[in-house]
Amino acid sequence: MTDSANETILKSINASLKSKKLYPPGHPAIATPVNKTFQCLSDSLKTRNNLMIGLVNEALVMEAEPVQDGDKLYPDVMSYMGEKNIGAIIFEKGMTVKELSNLMDILSGPPLQGSELQKELSSKGVTHITLKSIPKGKRNILEIYNGAVEIVRNVMGEVRMGKIPKSEPVNNIIEEITESVLSDPNAIIGLTMIKNYDNYLYNHSVNVSIMAIALCRHLKLEAGELHCVGVAALLHDIGKTGVSETIIRKPGGLSSEEWEKIKEHPLLGSNIIKRMNGMEELVGRLIYEHHIKFDRSGYPQINTAIHPLSQIITICDAYDALTTLRVYQQPHNPVEAVKVMTNFSGRHFSPDTLKAFISMIGVYPVGTMVRLSSNEIGVVVKLNPEAMDAPTIKVLYDGEGKALEAPFELDLSIGNDRTIAATVNPSATATDLGAFFEKEAAAV
Ligand SMILES: [Fe+2]
């Protein structure tokens with residue numbers, strides 16, 4: 001592509017953004033530069049798959065080449081990108097004029113950032129343009145959690161539209177989750193108490209990947225294996241995109257044909273992984289095996305041994321499902337969930353992997369509501385590896401059951417007279433544990 005073609009593209013994008021500022025929506029003066037931008041971008045995308053405009057250290061670049069006098073010639077492009085912390089705009093082959101026009105609305109619209117921008121693009125049906133945010137140093141765990149939910153939503157959305165999703169965002173988010181788990185597992189495991197009833201699949205996928213990565217760390221697996229388990233856990237149900245929503249959300253029992261359809265999702269999922277660039281073979285295998293139980297019951301049926309790491313996903317999948325409200329089930333508190341799972345040790349679950357899982361999450365896992373010997377009620381927020389039956393609690397209700405105005409942390413492992421008397425069902429109090437951990441994470 002020639003320099004003058006690049007200049008024409010930048011000039012017309014700048015004119016489009018400027019016209020958005022000057023004229024009301026629907027004014028013909030807006031459509032003209034957008035159409036021109038579409039024309040020159042489409043010409044350029046005839047000979048390439050994508051085209052990138054970036055902002056690097058506050059300087060404009062196009063296809064990795066610095067743009068001379070960018071700030072003078074294309075001030076609107078630079079100011080809108082800067083204001084929204086956008087590091088790159090990537091236009092892909094197949095982009096429509098409607099998508100381009102929606103992008104201009106978003107760029108010149110409210111100052112959204114990061115995952116909010118990506119959400120806005122998806123909600124406006126823009127799938128051939130990507131906005132990459134400039135990393136602002138480390139993200140906090142809530143941003144990472146929400147970013148992961150968004151990535152699962154996008155990946156599944158792309159598969160439903162017949163596209164092959166990119167591996168890069170998935171690999172990146174697994175790296176970020178891994179870093180958080182390594183630095184403070186309690187905090188991010190707390191976020192797995194966020195259970196979204198309406199978008200169960202997305203939050204569930206993120207929760208399973210967090211637990212799976214934490215278990216890999218506990219088992220001291222090497223980095224490559226840990227990464228594959230994390231990715232497979234995040235995408236374990238990606239094959240459900242090939243099963244109709246009506247079957248997936250059906251409240252009652254399934255007919256035998258419907259059940260056969262559901263049973264296809266591990267195979268469908270592993271086939272999707274095979275088509276994605278940069279995915280390890282192991283990821284597909286773990287997804288294929290995530291419903292095969294330790295005694296080889298479950299589905300699909302295989303004649304060979306299951307991969308030892310697939311049990312990590314099976315166990316974390318079961319734990320998150322048991323602790324979540326479903327159409328057919330009240331949520332179990334973490335301690336009850338572990339009890340239920342222990343009953344299936346040696347049958348559904350590998351005794352060794354289950355033992356490691358239980359030793360990782362502790363006697364009172366993070367997120368368990370407990371009543372203390374003082375009658376106060378609180379939530380487990382941190383494990384104390386030296387005293388697993390005496391974790392750190394955030395006390396939320398006093399001995400009379402009154403909500404405290406200023407909840408406080410209490411480390412049961414260091415010299416105090418309170419002990420855990422019992423677990424409490426969160427529905428017995430007005431506490432939304434997901435919201436509680438979100439607030440805790442936001443306060444860090
Ligand atoms: Fe599944």
# chains A, B, ... in the order shown; residues from 1 in each chain; ligands from 1
call {"tool": "residues_near_ligand", "arguments": {"ligand": "ligand 1", "cutoff": "8 Å", "atoms": "only C-alpha atoms and all ligand atoms", "output": "list in words"}}
result
His236, Asp237, Lys240, His265, Pro266, His290, His291 and Asp317 of chain A
call {"tool": "write_last_selection", "arguments": {"atoms": "N, CA and C atoms", "output": "PDB file, in the first residue's frame"}}
result
ATOM      1  N   HIS A 236     -14.084 -24.962  28.017  1.00  0.00           N
ATOM      2  CA  HIS A 236     -14.513 -26.369  28.071  1.00  0.00           C
ATOM      3  C   HIS A 236     -15.895 -26.588  27.466  1.00  0.00           C
ATOM      4  N   ASP A 237     -16.773 -25.579  27.568  1.00  0.00           N
ATOM      5  CA  ASP A 237     -18.137 -25.750  27.033  1.00  0.00           C
ATOM      6  C   ASP A 237     -18.344 -25.016  25.717  1.00  0.00           C
ATOM      7  N   LYS A 240     -20.953 -26.051  23.254  1.00  0.00           N
ATOM      8  CA  LYS A 240     -22.386 -25.818  23.475  1.00  0.00           C
ATOM      9  C   LYS A 240     -22.939 -24.806  22.476  1.00  0.00           C
ATOM     10  N   HIS A 265     -21.391 -32.004  22.812  1.00  0.00           N
ATOM     11  CA  HIS A 265     -20.626 -30.758  22.968  1.00  0.00           C
ATOM     12  C   HIS A 265     -19.122 -30.940  23.233  1.00  0.00           C
ATOM     13  N   PRO A 266     -18.675 -32.021  23.912  1.00  0.00           N
ATOM     14  CA  PRO A 266     -17.208 -32.149  24.048  1.00  0.00           C
ATOM     15  C   PRO A 266     -16.515 -32.362  22.699  1.00  0.00           C
ATOM     16  N   HIS A 290     -13.791 -33.730  29.152  1.00  0.00           N
ATOM     17  CA  HIS A 290     -14.211 -33.116  30.425  1.00  0.00           C
ATOM     18  C   HIS A 290     -15.455 -33.736  31.055  1.00  0.00           C
ATOM     19  N   HIS A 291     -16.221 -34.529  30.291  1.00  0.00           N
ATOM     20  CA  HIS A 291     -17.371 -35.223  30.910  1.00  0.00           C
ATOM     21  C   HIS A 291     -17.128 -36.717  31.083  1.00  0.00           C
ATOM     22  N   ASP A 317     -15.234 -28.112  37.306  1.00  0.00           N
ATOM     23  CA  ASP A 317     -16.535 -27.950  36.650  1.00  0.00           C
ATOM     24  C   ASP A 317     -17.651 -28.377  37.617  1.00  0.00           C
TER      25      ASP A 317
END
call {"tool": "select_by_dssp", "arguments": {"residues": "stretch 81-162 of chain A", "states": "strand (DSSP E)", "output": "number ranges by chain"}}
result
A: 86-92, 129-133
call {"tool": "closest_residue", "arguments": {"among": "A:Lys46, A:Arg285, A:Lys93, A:His332", "to": "A:Ile272", "atoms": "only C-alpha atoms"}}
result
A:Arg285
call {"tool": "residues_around", "arguments": {"residues": "A:Gly401", "least_positions_apart": "4", "cutoff": "12 Å", "atoms": "only C-alpha atoms", "output": "list in words"}}
result
Arg371, Leu372, Ser374, Asn375, Glu376, Ile377, Gly378, Val395, Leu396, Tyr397, Ala428, Thr429 and Ala430 of chain A
call {"tool": "residues_around", "arguments": {"residues": "stretch 22-34 of chain A", "least_positions_apart": "2", "cutoff": "10 Å", "atoms": "only C-alpha atoms", "output": "list in words"}}
result
Lys11, Ser12, Ile13, Asn14, Ala15, Ser16, Leu17, Lys18, Ser19, Lys20, Lys36, Thr37, Phe38, Gln39, Val97, Lys98, Leu100, Ser101, Met104 and Asp105 of chain A
call {"tool": "write_last_selection", "arguments": {"atoms": "N, CA and C atoms", "output": "PDB file, in the first residue's frame"}}
result
ATOM      1  N   LYS A  11      -6.922  10.582   6.462  1.00  0.00           N
ATOM      2  CA  LYS A  11      -7.613  11.854   6.227  1.00  0.00           C
ATOM      3  C   LYS A  11      -9.125  11.652   6.289  1.00  0.00           C
ATOM      4  N   SER A  12      -9.598  10.590   5.655  1.00  0.00           N
ATOM      5  CA  SER A  12     -11.054  10.400   5.630  1.00  0.00           C
ATOM      6  C   SER A  12     -11.589   9.958   7.002  1.00  0.00           C
ATOM      7  N   ILE A  13     -10.786   9.206   7.762  1.00  0.00           N
ATOM      8  CA  ILE A  13     -11.236   8.849   9.124  1.00  0.00           C
ATOM      9  C   ILE A  13     -11.313  10.122   9.963  1.00  0.00           C
ATOM     10  N   ASN A  14     -10.281  10.965   9.829  1.00  0.00           N
ATOM     11  CA  ASN A  14     -10.275  12.208  10.596  1.00  0.00           C
ATOM     12  C   ASN A  14     -11.489  13.074  10.240  1.00  0.00           C
ATOM     13  N   ALA A  15     -11.788  13.130   8.909  1.00  0.00           N
ATOM     14  CA  ALA A  15     -12.933  13.939   8.467  1.00  0.00           C
ATOM     15  C   ALA A  15     -14.242  13.353   9.012  1.00  0.00           C
ATOM     16  N   SER A  16     -14.335  12.013   9.062  1.00  0.00           N
ATOM     17  CA  SER A  16     -15.556  11.376   9.588  1.00  0.00           C
ATOM     18  C   SER A  16     -15.768  11.752  11.052  1.00  0.00           C
ATOM     19  N   LEU A  17     -14.674  11.680  11.822  1.00  0.00           N
ATOM     20  CA  LEU A  17     -14.791  11.988  13.252  1.00  0.00           C
ATOM     21  C   LEU A  17     -15.103  13.459  13.478  1.00  0.00           C
ATOM     22  N   LYS A  18     -14.489  14.292  12.657  1.00  0.00           N
ATOM     23  CA  LYS A  18     -14.714  15.734  12.778  1.00  0.00           C
ATOM     24  C   LYS A  18     -16.181  16.057  12.482  1.00  0.00           C
ATOM     25  N   SER A  19     -16.722  15.419  11.435  1.00  0.00           N
ATOM     26  CA  SER A  19     -18.111  15.708  11.061  1.00  0.00           C
ATOM     27  C   SER A  19     -19.080  15.254  12.163  1.00  0.00           C
ATOM     28  N   LYS A  20     -18.696  14.200  12.884  1.00  0.00           N
ATOM     29  CA  LYS A  20     -19.538  13.735  14.007  1.00  0.00           C
ATOM     30  C   LYS A  20     -19.627  14.823  15.079  1.00  0.00           C
ATOM     31  N   LYS A  36     -16.573   7.518   2.140  1.00  0.00           N
ATOM     32  CA  LYS A  36     -15.247   7.624   1.504  1.00  0.00           C
ATOM     33  C   LYS A  36     -14.234   6.747   2.263  1.00  0.00           C
ATOM     34  N   THR A  37     -14.307   6.806   3.601  1.00  0.00           N
ATOM     35  CA  THR A  37     -13.397   5.972   4.404  1.00  0.00           C
ATOM     36  C   THR A  37     -13.616   4.508   4.054  1.00  0.00           C
ATOM     37  N   PHE A  38     -14.906   4.135   3.956  1.00  0.00           N
ATOM     38  CA  PHE A  38     -15.227   2.734   3.654  1.00  0.00           C
ATOM     39  C   PHE A  38     -14.621   2.335   2.309  1.00  0.00           C
ATOM     40  N   GLN A  39     -14.765   3.231   1.335  1.00  0.00           N
ATOM     41  CA  GLN A  39     -14.243   2.937  -0.005  1.00  0.00           C
ATOM     42  C   GLN A  39     -12.731   2.702   0.040  1.00  0.00           C
ATOM     43  N   VAL A  97     -20.073  -1.087   5.680  1.00  0.00           N
ATOM     44  CA  VAL A  97     -20.130   0.352   5.910  1.00  0.00           C
ATOM     45  C   VAL A  97     -20.875   0.647   7.217  1.00  0.00           C
ATOM     46  N   LYS A  98     -21.839  -0.225   7.538  1.00  0.00           N
ATOM     47  CA  LYS A  98     -22.604  -0.054   8.782  1.00  0.00           C
ATOM     48  C   LYS A  98     -21.664  -0.223   9.999  1.00  0.00           C
ATOM     49  N   LEU A 100     -18.480   0.303  10.036  1.00  0.00           N
ATOM     50  CA  LEU A 100     -17.588   1.460  10.088  1.00  0.00           C
ATOM     51  C   LEU A 100     -18.303   2.674  10.690  1.00  0.00           C
ATOM     52  N   SER A 101     -19.557   2.861  10.275  1.00  0.00           N
ATOM     53  CA  SER A 101     -20.320   3.991  10.786  1.00  0.00           C
ATOM     54  C   SER A 101     -20.540   3.836  12.306  1.00  0.00           C
ATOM     55  N   MET A 104     -17.463   4.807  14.170  1.00  0.00           N
ATOM     56  CA  MET A 104     -17.310   6.269  14.295  1.00  0.00           C
ATOM     57  C   MET A 104     -18.197   6.786  15.436  1.00  0.00           C
ATOM     58  N   ASP A 105     -19.414   6.222  15.544  1.00  0.00           N
ATOM     59  CA  ASP A 105     -20.303   6.625  16.655  1.00  0.00           C
ATOM     60  C   ASP A 105     -19.649   6.323  17.995  1.00  0.00           C
TER      61      ASP A 105
END
call {"tool": "select_by_dssp", "arguments": {"residues": "stretch 260-332 of chain A", "states": "helix (DSSP H, G or I)", "output": "PyMOL selection string"}}
result
chain A and resi 260-262+265-275+281-288+310-322
call {"tool": "write_last_selection", "arguments": {"atoms": "N, CA and C atoms", "output": "mmCIF file, in the first residue's frame"}}
result
data_model
loop_
_atom_site.group_PDB
_atom_site.id
_atom_site.type_symbol
_atom_site.label_atom_id
_atom_site.label_comp_id
_atom_site.auth_asym_id
_atom_site.auth_seq_id
_atom_site.Cartn_x
_atom_site.Cartn_y
_atom_site.Cartn_z
ATOM 1 N N GLU A 260 -28.900 -36.644 23.721
ATOM 2 C CA GLU A 260 -27.858 -37.044 22.756
ATOM 3 C C GLU A 260 -27.189 -35.811 22.156
ATOM 4 N N LYS A 261 -27.978 -34.769 21.914
ATOM 5 C CA LYS A 261 -27.434 -33.510 21.363
ATOM 6 C C LYS A 261 -26.431 -32.897 22.342
ATOM 7 N N ILE A 262 -26.850 -32.802 23.620
ATOM 8 C CA ILE A 262 -25.965 -32.237 24.660
ATOM 9 C C ILE A 262 -24.647 -33.014 24.706
ATOM 10 N N HIS A 265 -21.391 -32.004 22.812
ATOM 11 C CA HIS A 265 -20.626 -30.758 22.968
ATOM 12 C C HIS A 265 -19.122 -30.940 23.233
ATOM 13 N N PRO A 266 -18.675 -32.021 23.912
ATOM 14 C CA PRO A 266 -17.208 -32.149 24.048
ATOM 15 C C PRO A 266 -16.515 -32.362 22.699
ATOM 16 N N LEU A 267 -17.133 -33.166 21.818
ATOM 17 C CA LEU A 267 -16.539 -33.398 20.499
ATOM 18 C C LEU A 267 -16.580 -32.115 19.665
ATOM 19 N N LEU A 268 -17.752 -31.443 19.685
ATOM 20 C CA LEU A 268 -17.868 -30.182 18.935
ATOM 21 C C LEU A 268 -16.812 -29.187 19.417
ATOM 22 N N GLY A 269 -16.638 -29.128 20.730
ATOM 23 C CA GLY A 269 -15.676 -28.192 21.322
ATOM 24 C C GLY A 269 -14.256 -28.503 20.873
ATOM 25 N N SER A 270 -13.878 -29.784 20.919
ATOM 26 C CA SER A 270 -12.495 -30.107 20.550
ATOM 27 C C SER A 270 -12.284 -29.855 19.060
ATOM 28 N N ASN A 271 -13.336 -29.998 18.247
ATOM 29 C CA ASN A 271 -13.199 -29.690 16.817
ATOM 30 C C ASN A 271 -12.984 -28.190 16.584
ATOM 31 N N ILE A 272 -13.657 -27.363 17.380
ATOM 32 C CA ILE A 272 -13.461 -25.900 17.246
ATOM 33 C C ILE A 272 -11.999 -25.562 17.586
ATOM 34 N N ILE A 273 -11.500 -26.154 18.658
ATOM 35 C CA ILE A 273 -10.114 -25.877 19.081
ATOM 36 C C ILE A 273 -9.129 -26.243 17.969
ATOM 37 N N LYS A 274 -9.392 -27.371 17.283
ATOM 38 C CA LYS A 274 -8.484 -27.792 16.199
ATOM 39 C C LYS A 274 -8.399 -26.751 15.103
ATOM 40 N N ARG A 275 -9.490 -25.994 14.896
ATOM 41 C CA ARG A 275 -9.480 -25.008 13.811
ATOM 42 C C ARG A 275 -8.869 -23.674 14.240
ATOM 43 N N GLU A 281 -2.536 -29.130 21.092
ATOM 44 C CA GLU A 281 -3.387 -30.311 20.919
ATOM 45 C C GLU A 281 -4.020 -30.746 22.251
ATOM 46 N N LEU A 282 -3.228 -30.576 23.325
ATOM 47 C CA LEU A 282 -3.701 -30.993 24.650
ATOM 48 C C LEU A 282 -5.005 -30.286 25.041
ATOM 49 N N VAL A 283 -5.154 -29.019 24.612
ATOM 50 C CA VAL A 283 -6.363 -28.260 24.971
ATOM 51 C C VAL A 283 -7.599 -28.982 24.423
ATOM 52 N N GLY A 284 -7.533 -29.381 23.156
ATOM 53 C CA GLY A 284 -8.653 -30.093 22.531
ATOM 54 C C GLY A 284 -8.932 -31.408 23.238
ATOM 55 N N ARG A 285 -7.876 -32.099 23.618
ATOM 56 C CA ARG A 285 -8.073 -33.400 24.280
ATOM 57 C C ARG A 285 -8.750 -33.224 25.650
ATOM 58 N N LEU A 286 -8.326 -32.216 26.392
ATOM 59 C CA LEU A 286 -8.918 -32.004 27.721
ATOM 60 C C LEU A 286 -10.402 -31.625 27.592
ATOM 61 N N ILE A 287 -10.717 -30.836 26.560
ATOM 62 C CA ILE A 287 -12.115 -30.454 26.343
ATOM 63 C C ILE A 287 -12.932 -31.701 25.951
ATOM 64 N N TYR A 288 -12.348 -32.519 25.104
ATOM 65 C CA TYR A 288 -13.026 -33.741 24.658
ATOM 66 C C TYR A 288 -13.353 -34.655 25.850
ATOM 67 N N SER A 310 -7.197 -34.132 32.661
ATOM 68 C CA SER A 310 -8.600 -33.812 32.358
ATOM 69 C C SER A 310 -9.452 -33.823 33.631
ATOM 70 N N GLN A 311 -9.017 -34.586 34.649
ATOM 71 C CA GLN A 311 -9.767 -34.617 35.909
ATOM 72 C C GLN A 311 -9.753 -33.266 36.627
ATOM 73 N N ILE A 312 -8.735 -32.463 36.365
ATOM 74 C CA ILE A 312 -8.684 -31.129 36.993
ATOM 75 C C ILE A 312 -9.909 -30.324 36.553
ATOM 76 N N ILE A 313 -10.194 -30.393 35.244
ATOM 77 C CA ILE A 313 -11.329 -29.627 34.718
ATOM 78 C C ILE A 313 -12.645 -30.255 35.179
ATOM 79 N N THR A 314 -12.733 -31.582 35.137
ATOM 80 C CA THR A 314 -13.961 -32.268 35.566
ATOM 81 C C THR A 314 -14.318 -31.878 37.007
ATOM 82 N N ILE A 315 -13.318 -31.877 37.864
ATOM 83 C CA ILE A 315 -13.553 -31.589 39.291
ATOM 84 C C ILE A 315 -13.946 -30.119 39.505
ATOM 85 N N CYS A 316 -13.227 -29.210 38.853
ATOM 86 C CA CYS A 316 -13.549 -27.775 39.020
ATOM 87 C C CYS A 316 -14.910 -27.462 38.405
ATOM 88 N N ASP A 317 -15.234 -28.112 37.306
ATOM 89 C CA ASP A 317 -16.535 -27.950 36.650
ATOM 90 C C ASP A 317 -17.651 -28.377 37.617
ATOM 91 N N ALA A 318 -17.469 -29.530 38.248
ATOM 92 C CA ALA A 318 -18.492 -30.035 39.170
ATOM 93 C C ALA A 318 -18.643 -29.107 40.377
ATOM 94 N N TYR A 319 -17.523 -28.628 40.913
ATOM 95 C CA TYR A 319 -17.556 -27.780 42.103
ATOM 96 C C TYR A 319 -18.310 -26.478 41.814
ATOM 97 N N ASP A 320 -17.985 -25.848 40.677
ATOM 98 C CA ASP A 320 -18.665 -24.582 40.373
ATOM 99 C C ASP A 320 -20.147 -24.814 40.095
ATOM 100 N N ALA A 321 -20.471 -25.927 39.419
ATOM 101 C CA ALA A 321 -21.880 -26.214 39.134
ATOM 102 C C ALA A 321 -22.647 -26.452 40.436
ATOM 103 N N LEU A 322 -22.038 -27.182 41.373
ATOM 104 C CA LEU A 322 -22.726 -27.486 42.638
ATOM 105 C C LEU A 322 -22.957 -26.237 43.491
#
